[in-house]
Number of protein chains: 2
Amino acid sequence: MATGRTHRPATRSRGIPEATVARLPLYLRALTALSERSVPTVSSEELASAAGVNSAKLRKDFSYLGSYGTRGVGYDVEYLVYQISRELGLTQDWPVVIVGIGNLGAALANYGGFASRGFRVAALIDADPAMSGKPVAGIAVQHADELEKIISDNGVSIGVIATPAGSAQQVCERLVAAGVTSILNFAPTVLTVPDGVDVRKVDLSIELQILAFHEQRKAGEEAPPEEETAPPVAPPAATVKKRTDPGSDGDVPAVMPA
Amino acid sequence: MATGRTHRPATRSRGIPEATVARLPLYLRALTALSERSVPTVSSEELASAAGVNSAKLRKDFSYLGSYGTRGVGYDVEYLVYQISRELGLTQDWPVVIVGIGNLGAALANYGGFASRGFRVAALIDADPAMSGKPVAGIAVQHADELEKIISDNGVSIGVIATPAGSAQQVCERLVAAGVTSILNFAPTVLTVPDGVDVRKVDLSIELQILAFHEQRKAGEEAPPEEETAPPVAPPAATVKKRTDPGSDGDVPAVMPA
DNA sequence: ACCTGTGAAATCGTTCACAGCG
DNA sequence: CGCTGTGAACGATTTCACAGGT
């Protein structure tokens with residue numbers, strides 16, 4: 001099944017580049033830290049270094065927002081905090097629901113970084129009846145049956161999926177049907193959603209695999225040998241495959257108590 | 001990237017584009033699923049759809065690895081699983097340590113997706129003495145004092161940081177000094193590392209902020225913009241600048257500086 | 001007929017370098 | 001002067017479209 005559409009379909013608006021949007025939260029965090037230290041202004045150089053990017057990129061990024069700096073001086077910290085917050089939509093309240101309260105869901109519920117921005121955890125939802133009513137991060141977990149009601153009662157438009165991979169698509173569909181239009185997916189699976197719904201995914205094992213790739217390359221640089229070990233599987237041999245080996249892998253769900 | 005310099009300038013002919021590397025785990029997951037269903041071959045079209053990308057991209061990606069397909073037929077699933085695993089370095093064992101066993105660290109320790117690939121959780125480390133010895137995901141938590149010894153005894157080269165932001169840089173430095181050269185950072189802070197050390201970060205609140213940006217934009221497209229609270233901070237000088245809009249102007253949605 | 005592999009074109013993103021303003 | 005804002009050069013990535021096997 002499936003022609004999976006997973007990305008925002010390029011709206012016609014003359015918008016801010018996606019790469020820039022992805023860095024705004026980074027700038028915002030650096031600015032917030034400066035603000036807390038009552039620093040009045042920063043140069044692109046200083047702010048860039050605090051955010052871990054280079055100054056040309058930062059200036060270019062800001063140029064998409066408007067001309068908020070002062071030549072010869074830099075940027076006004078407070079003003080920029082406000083402008084970026086507004087651009088990101090953080091000046092309004094975003095109720096979110098977290099579905100799947102396993103280890104990861106609980107970690108998310110407890111994560112301070114949510115509440116500190118405009119995000120408010122409106123509800124925690126889990127399919128396990130044994131979880132219902134249990135308080136996690138000070139919020140009573142509700143049963144999945146309530147999902148639609150919770151979404152509409154709270155005007156939730158952002159949902160976080162932290163369920164096992166097997167349930168993710170189903171949960172996703174219910175969220176979307178109930179009105180959610182943005183989803184943050186922690187389950188290691190590709191979600192198929194209708195046009196107009198945004199999905200971002202966070203996959204822990206993918207990140208590790210990317211690191212392993214680079215790690216392997218580093219190791220290979222020291223030892224030049226270009227070995228070509230014989231593959232355990234022959235190239236286009238055309239033999240029908242037997243069952244896959246032991247209970248290896250299978251992309252275990254996104255976190256569940258062992 | 002933390003400080004100014006990072007990334008290799010694609011010196012070798014062996015250089016696979018970073019964007020491609022980032023998708024290999026996705027392909028691998030889709031292939032593994034096919035393998036478990038004993039599907040012998042897939043076309044680029046089928047596999048692409050299972051992985052959530054388009055087929056041209058997938059073919060281009062695979063072309064960087066070599067010519068592993070058969071024209072008129074498609075790709076041999078088992079063979080491709082092996083080739084990608086090897087390319088990613090998953091045919092070897094990668095011991096990892098997780099530092100910071102709070103909610104998130106525990107979730108990571110329990111995450112099946114790690115063990116199912118070449119990753120093995122070699123140790124769980126926490127600075128809280130009260131945690132020492134406690135079993136999490138079947139592994140006894142060890143005290144941070146043991147960090148260096150654990151790294152070297154186990155030949156760990158990949159570390160996962162799940163500590164509070166305040167401790168992350170310090171932990172990072174100890175990991176690096178002890179020999180770790182790849183770090184997956186969950187703490188919401190920019191890590192500064194020496195050359196040769198890779199850092200990937202996963203920031204939950206950043207993902208939500210990006211969603212909020214798009215969510216806000218969606219809302220602005222339907223309903224006419226409504227002016228909200230006046231900026232709590234006035235622009236630096238009394239002079240309010242106009243927004244210099246690069247390119248055309250005209251159909252930008254709601255949010256804009258007056 | 002079908003599907004891969006890949007140059008070439010189009011698009012997107014980053015960096016350079018400097019004009020212009022405070 | 002110092003620092004922003006930005007065209008223009010550059011580089012990376014995606015998409016097109018079709019040549020070339022099977």
# chains A, B, ... in the order shown; residues from 1 in each chain; ligands from 1
>>> interface_residues(of="chain D", to="chain A", cutoff="10 Å", atoms="only C-alpha atoms (C1' of nucleotides)", output="PyMOL selection string")
chain D and resi 1-6
>>> write_last_selection(atoms="C-alpha atoms (C1' of nucleotides)", output="PDB file, in the first residue's frame")
ATOM      1  C1'  DC D   1      36.034  51.802  11.803  1.00  0.00           C
ATOM      2  C1'  DG D   2      32.700  47.668  12.728  1.00  0.00           C
ATOM      3  C1'  DC D   3      29.052  45.011  11.519  1.00  0.00           C
ATOM      4  C1'  DT D   4      24.890  44.100   8.942  1.00  0.00           C
ATOM      5  C1'  DG D   5      22.573  42.860   4.685  1.00  0.00           C
ATOM      6  C1'  DT D   6      22.915  40.835   0.321  1.00  0.00           C
TER       7       DT D   6
END
>>> interface_residues(of="chain C", to="chain B", cutoff="10 Å", atoms="only C-alpha atoms (C1' of nucleotides)", output="VMD selection string")
chain C and resid 1 to 6
>>> select_by_dssp(residues="range 33-181 of chain A", states="strand (DSSP E)", output="MDAnalysis selection string")
chainID A and resid 41:42 69:70 74:76 94:99 119:126 135:136 139:143 158:161
>>> residues_around(residues="DT14 in chain C", least_positions_apart="2", cutoff="9 Å", atoms="only C-alpha atoms (C1' of nucleotides)", output="ChimeraX atom specification")
/A:56-57 /D:10-11
>>> closest_residue(among="B:Ser38, B:Ser55, B:Thr91, B:Asn185", to="chain A", atoms="only C-alpha atoms")
B:Ser38
>>> closest_residue(among="A:Leu90, A:Leu47, A:Ile151, A:Met131", to="chain B", atoms="only C-alpha atoms")
A:Leu90
>>> interface_residues(of="chain B", to="chain A", cutoff="6 Å", atoms="only C-alpha atoms", output="PyMOL selection string")
chain B and resi 2+25+36+49+52+79+88-89+103-104+107+111-114+116+205-206+212-213+216+233+243+252
>>> write_last_selection(atoms="N, CA, C and O atoms", output="CSV table (one decimal), in the first residue's frame")
chain,number,residue,atom,x,y,z
B,2,ALA,N,30.2,21.8,16.0
B,2,ALA,CA,30.2,22.7,17.1
B,2,ALA,C,31.0,23.9,16.8
B,2,ALA,O,30.5,25.0,16.5
B,25,PRO,N,19.9,4.1,6.4
B,25,PRO,CA,19.2,3.4,7.5
B,25,PRO,C,17.7,3.2,7.1
B,25,PRO,O,17.1,2.2,7.5
B,36,GLU,N,12.1,-10.1,5.9
B,36,GLU,CA,11.3,-11.0,6.8
B,36,GLU,C,10.1,-11.6,6.2
B,36,GLU,O,9.6,-12.6,6.7
B,49,SER,N,8.8,3.6,-2.2
B,49,SER,CA,7.6,3.9,-1.5
B,49,SER,C,7.5,3.4,-0.1
B,49,SER,O,7.0,4.0,0.8
B,52,GLY,N,9.5,5.8,1.9
B,52,GLY,CA,9.0,7.1,2.0
B,52,GLY,C,9.8,8.2,1.2
B,52,GLY,O,9.9,9.3,1.5
B,79,TYR,N,20.8,-9.4,-0.7
B,79,TYR,CA,22.1,-8.8,-1.1
B,79,TYR,C,22.2,-7.4,-0.7
B,79,TYR,O,23.3,-6.9,-0.2
B,88,LEU,N,27.2,0.9,6.1
B,88,LEU,CA,26.9,1.6,7.4
B,88,LEU,C,27.8,1.2,8.5
B,88,LEU,O,27.8,1.8,9.6
B,89,GLY,N,28.5,0.1,8.3
B,89,GLY,CA,29.4,-0.4,9.4
B,89,GLY,C,28.6,-1.2,10.4
B,89,GLY,O,29.0,-1.4,11.6
B,103,ASN,N,14.8,9.7,32.8
B,103,ASN,CA,13.7,9.2,32.0
B,103,ASN,C,14.2,8.8,30.6
B,103,ASN,O,13.9,7.8,30.1
B,104,LEU,N,14.9,9.8,30.0
B,104,LEU,CA,15.3,9.6,28.6
B,104,LEU,C,16.3,8.5,28.4
B,104,LEU,O,16.2,7.6,27.6
B,107,ALA,N,14.8,5.3,28.7
B,107,ALA,CA,14.1,4.9,27.5
B,107,ALA,C,15.0,4.4,26.4
B,107,ALA,O,14.8,3.5,25.7
B,111,TYR,N,15.4,0.8,24.5
B,111,TYR,CA,15.1,0.9,23.1
B,111,TYR,C,15.6,-0.3,22.3
B,111,TYR,O,16.8,-0.5,22.2
B,112,GLY,N,14.7,-1.1,21.8
B,112,GLY,CA,15.1,-2.3,21.1
B,112,GLY,C,15.9,-2.0,19.8
B,112,GLY,O,16.7,-2.8,19.3
B,113,GLY,N,15.6,-0.9,19.2
B,113,GLY,CA,16.3,-0.6,17.9
B,113,GLY,C,17.8,-0.5,18.0
B,113,GLY,O,18.5,-0.6,17.0
B,114,PHE,N,18.3,-0.3,19.1
B,114,PHE,CA,19.8,-0.3,19.3
B,114,PHE,C,20.4,-1.7,19.1
B,114,PHE,O,21.1,-2.0,18.2
B,116,SER,N,19.2,-4.3,18.1
B,116,SER,CA,18.8,-5.1,16.9
B,116,SER,C,19.8,-4.8,15.7
B,116,SER,O,19.9,-5.5,14.8
B,205,SER,N,12.6,19.5,21.5
B,205,SER,CA,11.8,20.8,21.4
B,205,SER,C,12.1,21.5,20.1
B,205,SER,O,11.2,22.2,19.6
B,206,ILE,N,13.2,21.3,19.5
B,206,ILE,CA,13.4,21.9,18.2
B,206,ILE,C,12.5,21.4,17.2
B,206,ILE,O,11.9,22.1,16.4
B,212,ALA,N,5.6,23.8,14.8
B,212,ALA,CA,4.7,24.9,15.2
B,212,ALA,C,4.8,26.0,14.1
B,212,ALA,O,3.8,26.6,13.7
B,213,PHE,N,6.0,26.2,13.5
B,213,PHE,CA,6.2,27.1,12.5
B,213,PHE,C,5.2,26.8,11.3
B,213,PHE,O,4.5,27.7,10.8
B,216,GLN,N,1.5,27.2,12.2
B,216,GLN,CA,1.1,28.6,12.2
B,216,GLN,C,0.8,29.1,10.8
B,216,GLN,O,-0.1,29.8,10.6
B,233,VAL,N,8.8,44.3,23.3
B,233,VAL,CA,10.1,45.0,23.2
B,233,VAL,C,10.1,45.9,22.0
B,233,VAL,O,9.7,45.4,20.9
B,243,ARG,N,10.7,45.9,5.9
B,243,ARG,CA,11.2,44.6,5.5
B,243,ARG,C,11.6,44.6,4.1
B,243,ARG,O,10.8,44.8,3.2
B,252,VAL,N,2.7,36.7,0.7
B,252,VAL,CA,3.1,36.2,2.0
B,252,VAL,C,2.0,36.3,3.0
B,252,VAL,O,1.3,37.3,3.1
>>> decode(residues="range 189-200 of chain A", atoms="N, CA, C and O atoms", output="mmCIF file, in the first residue's frame")
data_model
loop_
_atom_site.group_PDB
_atom_site.id
_atom_site.type_symbol
_atom_site.label_atom_id
_atom_site.label_comp_id
_atom_site.auth_asym_id
_atom_site.auth_seq_id
_atom_site.Cartn_x
_atom_site.Cartn_y
_atom_site.Cartn_z
ATOM 1 N N THR A 189 8.928 3.958 11.965
ATOM 2 C CA THR A 189 8.147 3.517 10.828
ATOM 3 C C THR A 189 7.779 4.736 9.977
ATOM 4 O O THR A 189 7.768 5.853 10.475
ATOM 5 N N VAL A 190 7.527 4.486 8.708
ATOM 6 C CA VAL A 190 7.158 5.580 7.815
ATOM 7 C C VAL A 190 5.658 5.803 7.906
ATOM 8 O O VAL A 190 4.880 4.886 7.677
ATOM 9 N N LEU A 191 5.265 6.994 8.261
ATOM 10 C CA LEU A 191 3.841 7.285 8.362
ATOM 11 C C LEU A 191 3.319 7.834 7.044
ATOM 12 O O LEU A 191 3.970 8.636 6.389
ATOM 13 N N THR A 192 2.152 7.367 6.676
ATOM 14 C CA THR A 192 1.506 7.900 5.484
ATOM 15 C C THR A 192 0.389 8.809 5.949
ATOM 16 O O THR A 192 -0.463 8.397 6.743
ATOM 17 N N VAL A 193 0.432 10.039 5.473
ATOM 18 C CA VAL A 193 -0.573 11.014 5.889
ATOM 19 C C VAL A 193 -1.120 11.750 4.679
ATOM 20 O O VAL A 193 -0.485 11.785 3.638
ATOM 21 N N PRO A 194 -2.299 12.322 4.838
ATOM 22 C CA PRO A 194 -2.877 13.088 3.726
ATOM 23 C C PRO A 194 -2.097 14.384 3.521
ATOM 24 O O PRO A 194 -1.361 14.812 4.403
ATOM 25 N N ASP A 195 -2.310 14.972 2.383
ATOM 26 C CA ASP A 195 -1.726 16.271 2.099
ATOM 27 C C ASP A 195 -2.161 17.268 3.156
ATOM 28 O O ASP A 195 -3.276 17.207 3.659
ATOM 29 N N GLY A 196 -1.268 18.159 3.482
ATOM 30 C CA GLY A 196 -1.629 19.178 4.438
ATOM 31 C C GLY A 196 -1.257 18.811 5.862
ATOM 32 O O GLY A 196 -1.330 19.635 6.757
ATOM 33 N N VAL A 197 -0.854 17.578 6.061
ATOM 34 C CA VAL A 197 -0.410 17.169 7.385
ATOM 35 C C VAL A 197 1.111 17.066 7.370
ATOM 36 O O VAL A 197 1.687 16.477 6.465
ATOM 37 N N ASP A 198 1.741 17.669 8.357
ATOM 38 C CA ASP A 198 3.197 17.623 8.461
ATOM 39 C C ASP A 198 3.626 16.514 9.393
ATOM 40 O O ASP A 198 3.041 16.330 10.454
ATOM 41 N N VAL A 199 4.652 15.826 8.989
ATOM 42 C CA VAL A 199 5.219 14.808 9.868
ATOM 43 C C VAL A 199 6.703 15.063 10.004
ATOM 44 O O VAL A 199 7.382 15.300 9.008
ATOM 45 N N ARG A 200 7.186 15.061 11.210
ATOM 46 C CA ARG A 200 8.627 15.059 11.413
ATOM 47 C C ARG A 200 8.932 13.811 12.189
ATOM 48 O O ARG A 200 8.167 13.394 13.035
#
